[in-house]
Structures are given as structure tokens and as C-alpha cells.
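Text of structure.txt (compact mmCIF, C-alpha atoms and all ligand atoms) as supplied:
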# COMPACT_ATOMS: atom_id res chain seq x y z
CA GLN A 1 -85.80 -18.29 87.78
CA ALA A 2 -85.75 -14.98 85.93
CA LYS A 3 -83.87 -13.44 88.79
CA ARG A 4 -81.22 -16.13 88.74
CA GLN A 5 -80.81 -15.67 85.02
CA GLN A 6 -80.38 -11.96 85.49
CA GLN A 7 -77.81 -12.62 88.20
CA ARG A 8 -75.88 -14.87 85.90
CA TRP A 9 -76.01 -12.31 83.12
CA ILE A 10 -74.58 -9.68 85.43
CA GLN A 11 -71.76 -11.98 86.45
CA TYR A 12 -71.08 -12.80 82.81
CA HIS A 13 -71.15 -9.15 81.90
CA GLN A 14 -68.71 -8.27 84.67
CA GLY A 15 -66.44 -11.06 83.51
CA MET A 16 -66.50 -9.61 80.01
CA GLU A 17 -65.63 -6.17 81.28
CA GLU A 18 -62.73 -7.55 83.28
CA GLU A 19 -61.51 -9.45 80.26
CA THR A 20 -61.77 -6.35 78.08
CA ALA A 21 -59.95 -4.26 80.66
CA ARG A 22 -57.23 -6.89 80.94
CA LEU A 23 -56.76 -6.99 77.18
CA LEU A 24 -56.60 -3.21 76.99
CA MET A 25 -53.91 -3.13 79.66
CA LEU A 26 -51.98 -5.87 77.93
CA GLU A 27 -52.27 -4.13 74.57
CA LYS A 28 -50.89 -0.96 76.08
CA GLU A 29 -48.00 -2.83 77.64
CA LEU A 30 -47.17 -4.73 74.46
CA LEU A 31 -47.36 -1.61 72.27
CA GLN A 32 -45.05 0.15 74.67
CA ALA A 33 -42.64 -2.78 74.62
CA LEU A 34 -42.55 -2.56 70.81
CA GLU A 35 -41.98 1.17 71.03
CA LEU A 36 -39.13 0.78 73.53
CA ASN A 37 -37.50 -2.08 71.62
CA GLN A 38 -37.84 -4.49 74.52
CA PHE A 39 -38.13 -7.44 72.14
CA VAL A 40 -34.65 -8.71 71.55
CA LEU A 41 -33.42 -11.47 69.25
CA TYR A 42 -31.21 -14.23 70.60
CA TYR A 43 -29.23 -16.40 68.21
CA GLN A 44 -28.94 -20.18 68.34
CA PRO A 45 -26.15 -21.71 66.24
CA GLN A 46 -26.74 -24.32 63.56
CA TRP A 47 -24.02 -26.91 63.34
CA ASN A 48 -22.86 -28.16 59.95
CA ILE A 49 -22.26 -31.83 60.76
CA ARG A 50 -19.98 -32.73 57.87
CA GLU A 51 -17.84 -29.58 57.97
CA GLN A 52 -17.79 -29.48 61.79
CA ARG A 53 -18.54 -25.79 62.03
CA ILE A 54 -21.33 -23.33 62.75
CA ASP A 55 -22.86 -22.27 59.45
CA GLY A 56 -25.86 -20.24 60.53
CA PHE A 57 -28.10 -19.08 63.37
CA GLU A 58 -31.79 -19.09 64.13
CA ALA A 59 -33.09 -15.84 65.59
CA LEU A 60 -35.44 -16.36 68.57
CA VAL A 61 -37.21 -13.54 70.35
CA ARG A 62 -37.01 -12.74 74.07
CA TRP A 63 -38.83 -9.96 75.91
CA HIS A 64 -36.50 -7.96 78.12
CA HIS A 65 -39.25 -6.95 80.50
CA PRO A 66 -38.37 -4.04 82.80
CA GLU A 67 -39.87 -5.73 85.88
CA ARG A 68 -40.30 -9.40 85.07
CA GLY A 69 -36.88 -10.05 83.54
CA ILE A 70 -36.31 -12.08 80.39
CA LEU A 71 -39.54 -13.60 79.12
CA MET A 72 -39.74 -16.53 76.68
CA PRO A 73 -41.88 -16.49 73.49
CA GLY A 74 -44.44 -18.83 75.06
CA GLN A 75 -45.12 -16.18 77.70
CA PHE A 76 -46.12 -13.41 75.30
CA LEU A 77 -46.49 -14.55 71.66
CA PRO A 78 -50.02 -15.96 72.17
CA GLN A 79 -51.07 -12.60 73.61
CA MET A 80 -49.39 -10.70 70.78
CA GLU A 81 -51.35 -12.86 68.38
CA GLN A 82 -54.62 -12.37 70.26
CA ILE A 83 -54.22 -8.62 70.12
CA GLY A 84 -53.12 -8.64 66.50
CA LEU A 85 -49.59 -7.38 66.94
CA MET A 86 -47.68 -10.26 65.33
CA ARG A 87 -47.17 -8.41 62.09
CA ASP A 88 -45.63 -5.44 63.86
CA LEU A 89 -43.41 -7.71 65.91
CA ASP A 90 -42.27 -9.77 62.93
CA ILE A 91 -41.39 -6.66 60.92
CA GLN A 92 -39.50 -5.16 63.84
CA LEU A 93 -37.57 -8.39 64.42
CA LEU A 94 -36.83 -8.72 60.74
CA GLU A 95 -35.18 -5.32 60.84
CA GLN A 96 -33.27 -6.30 63.97
CA ALA A 97 -31.99 -9.46 62.29
CA VAL A 98 -30.95 -7.66 59.09
CA GLU A 99 -29.23 -4.97 61.15
CA THR A 100 -27.28 -7.70 62.97
CA LEU A 101 -26.39 -9.32 59.65
CA GLY A 102 -25.09 -5.96 58.42
CA ARG A 103 -22.86 -5.67 61.48
CA TRP A 104 -21.58 -9.24 61.11
CA ARG A 105 -20.87 -8.78 57.44
CA LYS A 106 -18.69 -5.77 58.22
CA LYS A 107 -16.70 -8.13 60.47
CA GLN A 108 -16.36 -10.59 57.57
CA VAL A 109 -18.80 -13.02 59.13
CA GLN A 110 -20.75 -14.50 56.21
CA LEU A 111 -23.34 -16.64 57.95
CA SER A 112 -27.07 -16.90 57.43
CA VAL A 113 -29.66 -15.94 60.00
CA ALA A 114 -33.07 -17.60 59.95
CA VAL A 115 -36.03 -15.50 61.08
CA ASN A 116 -39.35 -17.06 62.13
CA MET A 117 -42.34 -15.71 60.24
CA SER A 118 -45.78 -16.10 61.76
CA PRO A 119 -48.38 -17.63 59.48
CA ILE A 120 -51.07 -14.97 59.61
CA HIS A 121 -49.47 -12.32 57.50
CA PHE A 122 -46.75 -14.21 55.71
CA GLU A 123 -48.17 -13.39 52.32
CA GLN A 124 -49.49 -9.96 53.09
CA ALA A 125 -48.61 -7.29 50.62
CA GLY A 126 -45.64 -5.20 51.50
CA LEU A 127 -43.54 -7.80 53.31
CA LYS A 128 -41.38 -8.54 50.29
CA GLN A 129 -40.84 -4.87 49.58
CA ARG A 130 -39.96 -4.26 53.21
CA ILE A 131 -37.39 -7.06 53.16
CA GLN A 132 -35.83 -5.72 49.98
CA GLN A 133 -35.64 -2.26 51.51
CA LEU A 134 -34.00 -3.55 54.70
CA LEU A 135 -31.41 -5.59 52.80
CA GLN A 136 -30.45 -2.51 50.81
CA GLN A 137 -30.40 -0.21 53.81
CA TYR A 138 -28.07 -2.46 55.83
CA GLU A 139 -26.11 -3.68 52.80
CA VAL A 140 -26.86 -7.32 53.38
CA PRO A 141 -26.83 -9.86 50.53
CA PRO A 142 -30.20 -11.64 50.37
CA THR A 143 -28.52 -15.05 50.61
CA MET A 144 -27.66 -14.30 54.25
CA LEU A 145 -31.34 -14.12 55.15
CA GLU A 146 -33.50 -17.19 55.66
CA LEU A 147 -37.20 -17.25 56.52
CA GLU A 148 -38.69 -20.09 58.55
CA ILE A 149 -42.30 -20.92 57.83
CA THR A 150 -44.36 -23.82 59.14
CA GLU A 151 -46.29 -26.35 57.14
CA ASN A 152 -49.50 -24.61 58.11
CA THR A 153 -48.31 -21.21 57.02
CA ALA A 154 -49.31 -21.08 53.40
CA MET A 155 -51.95 -23.75 53.71
CA GLY A 156 -54.86 -21.46 52.94
CA ASP A 157 -54.04 -21.20 49.28
CA MET A 158 -51.27 -23.54 48.29
CA GLU A 159 -50.94 -22.08 44.80
CA GLN A 160 -50.54 -18.55 46.10
CA GLY A 161 -48.14 -19.70 48.81
CA ARG A 162 -46.08 -21.47 46.23
CA ASN A 163 -45.82 -18.38 44.04
CA TYR A 164 -44.91 -16.29 47.03
CA VAL A 165 -42.10 -18.57 48.15
CA THR A 166 -40.82 -18.71 44.57
CA GLU A 167 -40.70 -14.92 44.44
CA LEU A 168 -38.75 -14.76 47.69
CA GLN A 169 -36.27 -17.24 46.31
CA GLN A 170 -35.92 -15.26 43.11
CA MET A 171 -34.88 -12.38 45.34
CA GLY A 172 -32.14 -14.68 46.69
CA ILE A 173 -33.73 -15.28 50.09
CA ARG A 174 -33.80 -18.80 51.45
CA VAL A 175 -36.93 -20.41 52.83
CA SER A 176 -37.14 -23.36 55.20
CA ILE A 177 -39.96 -25.46 56.65
CA ASP A 178 -40.01 -25.40 60.45
CA ASP A 179 -41.28 -28.20 62.73
CA PHE A 180 -41.41 -30.63 59.81
CA GLY A 181 -43.57 -33.66 60.39
CA THR A 182 -45.98 -32.05 62.86
CA GLY A 183 -48.35 -30.39 60.37
CA TYR A 184 -51.31 -32.02 58.74
CA SER A 185 -49.95 -32.44 55.24
CA SER A 186 -46.19 -32.64 55.41
CA LEU A 187 -45.76 -34.57 52.20
CA GLY A 188 -48.26 -32.56 50.21
CA TYR A 189 -46.50 -29.44 51.35
CA LEU A 190 -43.10 -30.75 50.44
CA ARG A 191 -44.29 -31.72 47.00
CA ARG A 192 -45.65 -28.29 46.18
CA MET A 193 -43.46 -25.89 48.08
CA PRO A 194 -40.14 -24.90 46.53
CA ILE A 195 -38.30 -24.65 49.86
CA ASP A 196 -34.53 -24.94 50.46
CA LYS A 197 -34.32 -26.60 53.84
CA ILE A 198 -36.33 -28.89 56.07
CA LYS A 199 -36.13 -28.70 59.86
CA ILE A 200 -37.09 -31.96 61.57
CA ASP A 201 -39.19 -31.22 64.64
CA ARG A 202 -37.59 -31.80 68.02
CA SER A 203 -40.23 -34.37 69.01
CA PHE A 204 -38.78 -36.89 66.52
CA ILE A 205 -35.19 -36.29 67.63
CA MET A 206 -36.02 -36.53 71.33
CA ASP A 207 -36.97 -40.23 71.35
CA MET A 208 -34.88 -41.35 68.40
CA ALA A 209 -32.39 -43.34 70.46
CA SER A 210 -35.10 -45.31 72.27
CA SER A 211 -37.78 -45.54 69.60
CA ASP A 212 -37.23 -47.60 66.47
CA SER A 213 -40.12 -45.93 64.71
CA ASP A 214 -38.87 -42.40 65.42
CA MET A 215 -35.45 -43.47 64.23
CA MET A 216 -36.95 -44.83 61.03
CA ILE A 217 -38.98 -41.67 60.48
CA VAL A 218 -35.92 -39.45 60.90
CA LYS A 219 -33.89 -41.65 58.58
CA THR A 220 -36.64 -41.53 55.97
CA MET A 221 -37.02 -37.74 56.25
CA ILE A 222 -33.30 -37.35 55.60
CA THR A 223 -33.40 -39.63 52.56
CA LEU A 224 -36.50 -37.85 51.30
CA ALA A 225 -34.96 -34.39 51.69
CA HIS A 226 -31.82 -35.40 49.89
CA GLY A 227 -33.79 -37.11 47.15
CA LEU A 228 -35.57 -33.82 46.59
CA GLY A 229 -32.29 -31.90 46.61
CA LYS A 230 -32.98 -30.09 49.89
CA ARG A 231 -30.87 -29.57 52.98
CA ILE A 232 -32.06 -31.07 56.25
CA LEU A 233 -31.52 -29.97 59.85
CA ALA A 234 -32.42 -31.73 63.10
CA GLU A 235 -33.90 -29.57 65.86
CA GLY A 236 -33.50 -30.06 69.59
CA VAL A 237 -30.27 -32.07 69.59
CA GLU A 238 -29.32 -32.36 73.25
CA ASP A 239 -26.81 -35.17 73.56
CA PRO A 240 -23.76 -36.44 71.67
CA ASN A 241 -25.41 -39.78 70.94
CA GLN A 242 -28.19 -38.08 68.98
CA LEU A 243 -25.62 -36.15 67.00
CA LEU A 244 -23.69 -39.33 66.24
CA LEU A 245 -26.84 -41.07 65.00
CA LEU A 246 -27.64 -38.07 62.80
CA LYS A 247 -24.12 -38.06 61.44
CA HIS A 248 -24.44 -41.71 60.46
CA MET A 249 -27.72 -40.92 58.73
CA ALA A 250 -25.98 -38.16 56.75
CA CYS A 251 -28.11 -35.37 58.23
CA ASP A 252 -26.69 -32.00 57.10
CA ALA A 253 -27.08 -29.88 60.22
CA ALA A 254 -28.05 -29.94 63.88
CA GLN A 255 -29.40 -27.33 66.25
CA GLY A 256 -29.93 -27.73 69.97
CA TYR A 257 -28.66 -27.30 73.49
CA LEU A 258 -25.75 -29.67 72.81
CA ILE A 259 -24.26 -27.02 70.51
CA ALA A 260 -25.56 -23.98 72.38
CA LYS A 261 -28.69 -22.35 73.73
CA PRO A 262 -29.99 -19.22 72.01
CA LEU A 263 -27.45 -16.49 72.86
CA PRO A 264 -27.36 -12.69 72.88
CA GLU A 265 -25.83 -11.29 69.70
CA THR A 266 -22.35 -10.65 71.09
CA ASP A 267 -22.12 -14.08 72.73
CA ALA A 268 -23.21 -15.71 69.48
CA LEU A 269 -20.48 -13.85 67.62
CA ALA A 270 -17.90 -14.78 70.26
CA LEU A 271 -18.81 -18.44 69.87
CA LEU A 272 -17.60 -18.26 66.27
CA GLN A 273 -14.10 -17.46 67.47
CA GLN A 274 -13.95 -20.63 69.54
CA LYS A 275 -12.70 -23.93 68.29
CA LEU A 276 -15.64 -26.27 68.69
CA SER A 277 -16.15 -29.97 68.22
CA PHE A 278 -19.04 -32.25 69.09
P1 LIG A 301 -39.29 -22.90 67.06
O1 LIG A 301 -39.21 -21.97 65.89
O2 LIG A 301 -39.56 -24.33 66.77
O3 LIG A 301 -37.94 -22.69 67.85
C1 LIG A 301 -37.24 -23.72 68.52
C2 LIG A 301 -37.49 -23.69 70.01
O4 LIG A 301 -36.81 -24.79 70.62
C3 LIG A 301 -36.93 -22.44 70.69
O5 LIG A 301 -37.76 -22.14 71.80
C4 LIG A 301 -35.57 -22.93 71.17
O6 LIG A 301 -35.05 -22.17 72.25
C5 LIG A 301 -35.92 -24.33 71.61
N1 LIG A 301 -34.76 -25.23 71.59
C6 LIG A 301 -33.65 -25.16 70.83
N2 LIG A 301 -32.83 -26.19 71.07
C7 LIG A 301 -33.43 -26.94 72.03
C8 LIG A 301 -33.07 -28.16 72.71
O7 LIG A 301 -32.01 -28.75 72.50
N3 LIG A 301 -33.95 -28.63 73.63
C9 LIG A 301 -35.13 -28.00 73.89
N4 LIG A 301 -35.93 -28.51 74.82
N5 LIG A 301 -35.50 -26.86 73.27
C10 LIG A 301 -34.66 -26.34 72.34
P2 LIG A 301 -38.23 -20.65 72.09
O8 LIG A 301 -37.10 -19.70 71.86
O9 LIG A 301 -38.90 -20.68 73.42
O10 LIG A 301 -39.32 -20.37 70.96
C11 LIG A 301 -40.52 -21.08 70.93
C12 LIG A 301 -41.31 -20.81 69.67
O11 LIG A 301 -41.73 -19.45 69.61
C13 LIG A 301 -40.50 -21.03 68.40
O12 LIG A 301 -40.46 -22.39 68.07
C14 LIG A 301 -41.28 -20.20 67.41
O13 LIG A 301 -42.42 -20.90 66.95
C15 LIG A 301 -41.74 -19.03 68.27
N6 LIG A 301 -40.82 -17.91 68.08
C16 LIG A 301 -39.64 -17.67 68.71
N7 LIG A 301 -39.07 -16.54 68.26
C17 LIG A 301 -39.89 -16.04 67.31
C18 LIG A 301 -39.85 -14.87 66.47
O14 LIG A 301 -38.91 -14.06 66.48
N8 LIG A 301 -40.91 -14.67 65.61
C19 LIG A 301 -41.96 -15.55 65.55
N9 LIG A 301 -42.94 -15.27 64.68
N10 LIG A 301 -42.02 -16.64 66.32
C20 LIG A 301 -41.00 -16.90 67.19
CA CA A 302 -38.13 -21.89 64.04
CA CA A 303 -38.93 -25.59 65.08
CA CA A 304 -42.22 -24.77 67.08
I need this file expressed as C-alpha cells, please.
Ligand code: C2E
Ligand code: CA
Ligand code: CA
Ligand code: CA
Amino acid sequence: QAKRQQQRWIQYHQGMEEETARLLMLEKELLQALELNQFVLYYQPQWNIREQRIDGFEALVRWHHPERGILMPGQFLPQMEQIGLMRDLDIQLLEQAVETLGRWRKKQVQLSVAVNMSPIHFEQAGLKQRIQQLLQQYEVPPTMLELEITENTAMGDMEQGRNYVTELQQMGIRVSIDDFGTGYSSLGYLRRMPIDKIKIDRSFIMDMASSDSDMMIVKTMITLAHGLGKRILAEGVEDPNQLLLLKHMACDAAQGYLIAKPLPETDALALLQQKLSF
């Protein structure tokens, strides 16, 4: 009995060592990727439904891996988080986005770019200052920058989160709620958070055409947003019928594969030169 227990302990211990070794390797690889700027932002257009034009982009990260090709966020963000590198990544991507905005502005392109902020450090000291610094450095007006946070982001301390968002807005930066409707207190959040825009989660849009209840939920979200004086965008719009339904419900904006997939910076810019209609 004792022997078997010892055997098991040894196996467990070896497993731990392998896990530790794996994490160390991964950490080294991820740190190096940060160092070599292998994390690259792609830009997905946001379609202004009423004005029939692109009026902004969401920045989404891809890892240009030297051996494995282009990796999607789901393939490396959980690991980044596990190792504690999300703050470094977010700051680096923020700079990348502001740099892009600076370039676009010089070409007279006055569109907003929305950057995803991970929950863990959203309110950590220094982020605001860093943003201010970047906007100055690249000569970008704060109104061109939008931050996407989720309902769970500032959940820890609602009061503090509220103050923080207010301060960002006083700087001129826009803040939107991502994945709306999937968190655990969507309405409570909406009531307390002074955000500018609501993004309806893709899961509601997906089944809208076939599900009366999803349709009703989307309709109600749109009415609610407008009643509160906020803009509303539908995520994951993939077919013209969904867009038509959203148009009839007076939704402000749509984002999804129907308009375009997330594109490299130059392709995103080129898309603006095209005459589009959906
Ligand atoms: P998200 O912020 O909800 O981003 C929307 C996701 O839906 C993106 O996946 C986008 O490519 C995908 N998408 C857009 N339109 C459609 C559509 O019509 N159909 C379908 N099926 N999917 C669509 P992606 O790029 O794989 O990103 C996944 C998640 O990873 C994001 O969800 C976000 O939570 C996170 N993420 C991505 N980039 C960043 C980043 O730069 N920083 C942080 N902190 N998180 C990021
Ligand atoms: Ca997002
Ligand atoms: Ca989303
Ligand atoms: Ca999401």
C-alpha cells in the first residue's frame, strides 16, 4: 500500500516537473514573440448601417509564428494569461493600434479603432498615463481610440470601475461593452457603467432569423441602448438577411464576415477606397 502510494507520488511529481518545464518553454517562446513583435493586429471593419459606410475597425490580434504560421487568439491568449503576460501584450498592441491610427490620420482617414482590453489589469495604475502618452507621441486625437471591455471586466468593484471609465471618457476616449448579454449582470452593468456603445454578442445574432426569442432579445437590446442614448452594434453578422433584419430594427452598426474578415492593416485601408454596399 505504502509502496503504491510512493509510486503514485513519483508519477505525480514527474508530471509536475513536465508541466513546469512546458510552462517555462512556453514563457520563453511568448516573451521572445513579444520582443520580436510577432503579435500583429488585424482590423475588422464596422459597418454603419444607416450611412452605408465603414465607420470604424476592431483590432484583433494574430500571432505571426515563424514556424506555425498565423495563429488565432484562441491558440495563445489562454497561455499568455496563464503565464501573466496579458498586460504586456495589451500595452504592446495598444501602441500598435495608436501607431496605425497616426498613420491613417496622416492619410486623412478619420476612423476609430477599437482595442480589446483584458479584464485583469484594466484598472491598473499607469494604463491611462500610457494611453495619454501614446496619443501624444503619435499625434492621434483621443476620439479615434475606443476600448472594448466585457461585462465582467470591472465587476470586482463596480464603483471603482465606474470612476475609471468616466476618467477615460473625460480624456475623450470611447468605451464599449463587448459580448453584451453573455455576462452575469448585463443590466446592472449597463445601469452603472457610463459606456458609449454596446456590442451584441454573436450568439444572439446567429440564430435571430430562426429563433423568435433571440429576435425579441436583439430587438429589445436595441431599444434599450437607444433609450439610454448609446450606440449599438451587432457582432458576427454573416448573411444579408441578418443585416436586413438589423436595419429594420434600427441597429446602428454591424460587424462580421458579411462585411469583411479581420484584415491586415494595408488591406483594411484599401477596403476604404472601395465602393461597398450590403
Ligand atoms: P471578440 O472581442 O468577441 O472578437 C470577435 C471575434 O469574432 C473575433 O475572433 C472575430 O474574428 C470573430 N468574428 C468576427 N466576425 C465574425 C463572423 O461573422 N462570424 C464568426 N464566426 N466570427 C466572427 P478572434 O479574432 O479569433 O478573437 C477571439 C477573441 O480573442 C476576441 O473575441 C477577444 O476576446 C480576444 N482577442 C482578440 N484580439 C485581442 C486583443 O488584441 N487583445 C485582447 N485582450 N483580446 C483579444
Ligand atoms: Ca471585442
Ligand atoms: Ca465580442
Ligand atoms: Ca468574445
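Using all atoms listed in the file, residues with at least one atom at most 8 Å away from any atom of ligand CA 304 (chain A) are Asp178, Asp179 and Asp201 of chain A.
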Would you name the residues within 10 Å of ligand CA 303 (chain A), counting all atoms listed in the file, and put them as an MDAnalysis selection string? chainID A and resid 58 116 148:150 177:180 182 198:203 234:236 255
Just the number, please: distance in Å from atom O6 of ligand LIG 301 (chain A) to atom CA of A:Gln44, one decimal. 7.5 Å
Shell of 9 Å around A:Asn48, all atoms listed in the file, local chain residues under 5 positions omitted, as a VMD selection string: chain A and resid 53 to 56 233 252 to 254
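All residues of protein, DNA or RNA that reach within 10 Å of A:Pro142, judged by all atoms listed in the file and not counting those fewer than 5 positions away in the chain, are Val98, Ser112, Ile131, Gln132, Leu134, Leu135, Gln136, Leu168, Gln169, Gln170, Met171, Gly172, Ile173 and Arg174 of chain A.
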Keeping only C-alpha atoms, take the residues you just selected and write them out as an mmCIF file, keeping the file's coordinate frame.
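Just written: part_7.cif:
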data_model
loop_
_atom_site.group_PDB
_atom_site.id
_atom_site.type_symbol
_atom_site.label_atom_id
_atom_site.label_comp_id
_atom_site.auth_asym_id
_atom_site.auth_seq_id
_atom_site.Cartn_x
_atom_site.Cartn_y
_atom_site.Cartn_z
ATOM 1 C CA VAL A 98 -30.950 -7.660 59.090
ATOM 2 C CA SER A 112 -27.070 -16.900 57.430
ATOM 3 C CA ILE A 131 -37.390 -7.060 53.160
ATOM 4 C CA GLN A 132 -35.830 -5.720 49.980
ATOM 5 C CA LEU A 134 -34.000 -3.550 54.700
ATOM 6 C CA LEU A 135 -31.410 -5.590 52.800
ATOM 7 C CA GLN A 136 -30.450 -2.510 50.810
ATOM 8 C CA LEU A 168 -38.750 -14.760 47.690
ATOM 9 C CA GLN A 169 -36.270 -17.240 46.310
ATOM 10 C CA GLN A 170 -35.920 -15.260 43.110
ATOM 11 C CA MET A 171 -34.880 -12.380 45.340
ATOM 12 C CA GLY A 172 -32.140 -14.680 46.690
ATOM 13 C CA ILE A 173 -33.730 -15.280 50.090
ATOM 14 C CA ARG A 174 -33.800 -18.800 51.450
#
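Note that the spacing between atom CA of A:Ala33 and atom N2 of ligand LIG 301 (chain A) amounts to 25.6 Å.
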Counting all atoms listed in the file, find residues at most 12 Å from (-49.6, -30.7, 54.8) (file frame) and give them as a list in words. Thr150, Glu151, Asn152, Thr153, Ala154, Met155, Gly156, Asp157, Met158, Ile177, Asp179, Phe180, Gly181, Thr182, Gly183, Tyr184, Ser185, Ser186, Leu187, Gly188, Tyr189, Leu190, Arg191, Arg192 and Met193 of chain A
Go ahead and dump the residues you just picked, C-alpha atoms, as an mmCIF file, in the frame of the given file.
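Result file selection-v6.cif:
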data_model
loop_
_atom_site.group_PDB
_atom_site.id
_atom_site.type_symbol
_atom_site.label_atom_id
_atom_site.label_comp_id
_atom_site.auth_asym_id
_atom_site.auth_seq_id
_atom_site.Cartn_x
_atom_site.Cartn_y
_atom_site.Cartn_z
ATOM 1 C CA THR A 150 -44.360 -23.820 59.140
ATOM 2 C CA GLU A 151 -46.290 -26.350 57.140
ATOM 3 C CA ASN A 152 -49.500 -24.610 58.110
ATOM 4 C CA THR A 153 -48.310 -21.210 57.020
ATOM 5 C CA ALA A 154 -49.310 -21.080 53.400
ATOM 6 C CA MET A 155 -51.950 -23.750 53.710
ATOM 7 C CA GLY A 156 -54.860 -21.460 52.940
ATOM 8 C CA ASP A 157 -54.040 -21.200 49.280
ATOM 9 C CA MET A 158 -51.270 -23.540 48.290
ATOM 10 C CA ILE A 177 -39.960 -25.460 56.650
ATOM 11 C CA ASP A 179 -41.280 -28.200 62.730
ATOM 12 C CA PHE A 180 -41.410 -30.630 59.810
ATOM 13 C CA GLY A 181 -43.570 -33.660 60.390
ATOM 14 C CA THR A 182 -45.980 -32.050 62.860
ATOM 15 C CA GLY A 183 -48.350 -30.390 60.370
ATOM 16 C CA TYR A 184 -51.310 -32.020 58.740
ATOM 17 C CA SER A 185 -49.950 -32.440 55.240
ATOM 18 C CA SER A 186 -46.190 -32.640 55.410
ATOM 19 C CA LEU A 187 -45.760 -34.570 52.200
ATOM 20 C CA GLY A 188 -48.260 -32.560 50.210
ATOM 21 C CA TYR A 189 -46.500 -29.440 51.350
ATOM 22 C CA LEU A 190 -43.100 -30.750 50.440
ATOM 23 C CA ARG A 191 -44.290 -31.720 47.000
ATOM 24 C CA ARG A 192 -45.650 -28.290 46.180
ATOM 25 C CA MET A 193 -43.460 -25.890 48.080
#
Closest atom pairs, chain A residues within 7 Å of ligand LIG 301 (chain A), all atoms listed in the file, as JSON lines:
{"residue": "A:Leu41", "atom": "CA", "partner": "A:LIG301", "partner_atom": "O14", "distance": 6.7}
{"residue": "A:Ala59", "atom": "CA", "partner": "A:LIG301", "partner_atom": "O14", "distance": 6.2}
{"residue": "A:Leu60", "atom": "CA", "partner": "A:LIG301", "partner_atom": "N7", "distance": 3.6}
{"residue": "A:Val61", "atom": "CA", "partner": "A:LIG301", "partner_atom": "N7", "distance": 4.1}
{"residue": "A:Met72", "atom": "CA", "partner": "A:LIG301", "partner_atom": "O9", "distance": 5.3}
{"residue": "A:Pro73", "atom": "CA", "partner": "A:LIG301", "partner_atom": "O11", "distance": 4.9}
{"residue": "A:Gly74", "atom": "CA", "partner": "A:LIG301", "partner_atom": "O9", "distance": 6.1}
{"residue": "A:Met86", "atom": "CA", "partner": "A:LIG301", "partner_atom": "N9", "distance": 6.9}
{"residue": "A:Asp90", "atom": "CA", "partner": "A:LIG301", "partner_atom": "N8", "distance": 5.7}
{"residue": "A:Leu93", "atom": "CA", "partner": "A:LIG301", "partner_atom": "O14", "distance": 6.2}
{"residue": "A:Val115", "atom": "CA", "partner": "A:LIG301", "partner_atom": "O14", "distance": 6.3}
{"residue": "A:Asn116", "atom": "CA", "partner": "A:LIG301", "partner_atom": "N8", "distance": 4.5}
{"residue": "A:Met117", "atom": "CA", "partner": "A:LIG301", "partner_atom": "N9", "distance": 4.5}
{"residue": "A:Ser118", "atom": "CA", "partner": "A:LIG301", "partner_atom": "N9", "distance": 4.2}
{"residue": "A:Asp178", "atom": "CA", "partner": "A:LIG301", "partner_atom": "O2", "distance": 6.4}
{"residue": "A:Asp179", "atom": "CA", "partner": "A:LIG301", "partner_atom": "O2", "distance": 5.9}
{"residue": "A:Glu235", "atom": "CA", "partner": "A:LIG301", "partner_atom": "N2", "distance": 6.3}
{"residue": "A:Gly236", "atom": "CA", "partner": "A:LIG301", "partner_atom": "O7", "distance": 3.5}
{"residue": "A:Val237", "atom": "CA", "partner": "A:LIG301", "partner_atom": "O7", "distance": 4.7}
{"residue": "A:Glu238", "atom": "CA", "partner": "A:LIG301", "partner_atom": "O7", "distance": 4.6}
{"residue": "A:Gln255", "atom": "CA", "partner": "A:LIG301", "partner_atom": "N2", "distance": 6.0}
{"residue": "A:Gly256", "atom": "CA", "partner": "A:LIG301", "partner_atom": "O7", "distance": 3.4}
{"residue": "A:Tyr257", "atom": "CA", "partner": "A:LIG301", "partner_atom": "O7", "distance": 3.8}
{"residue": "A:Leu258", "atom": "CA", "partner": "A:LIG301", "partner_atom": "O7", "distance": 6.3}
{"residue": "A:Lys261", "atom": "CA", "partner": "A:LIG301", "partner_atom": "N2", "distance": 6.2}
{"residue": "A:Pro262", "atom": "CA", "partner": "A:LIG301", "partner_atom": "O6", "distance": 5.9}
Minimum-distance residue to A:Ile259, chosen among A:Leu272, A:Met215, A:Val109, A:Leu127 (using only C-alpha atoms): A:Leu272
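Distance check against ligand CA 302 (chain A) using all atoms listed in the file: of A:Gln7, A:Gln38, A:Gln242, A:Ser176, the minimum falls on A:Ser176.
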Near A:Met208, within 10 Å and counting all atoms listed in the file, which residues show up once chain neighbours fewer than 3 positions away are dropped, as a ChimeraX atom specification? /A:202-205,211-219,241-242,245-246
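Interatomic distance, atom CA of A:Thr100 to atom CA of A:Leu71: 21.1 Å.
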Using only C-alpha atoms and all ligand atoms, which residue out of A:Tyr43, A:Trp104, A:Tyr138, A:Trp9 lies closest to ligand CA 302 (chain A)? A:Tyr43
Distance criterion (all atoms listed in the file): nearest to A:Ala270 out of A:Pro66, A:His226, A:Glu29, A:Lys107: A:Lys107
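Nearest-residue note for A:Val140: choosing from A:Met25, A:Ala250, A:Leu101, A:Ala114, the minimum distance belongs to A:Leu101, counting all atoms listed in the file.
Nearest residue to ligand CA 302 (chain A) among A:Gln92, A:Asn163, A:Leu271, A:Gln46 is A:Gln46, counting all atoms listed in the file.
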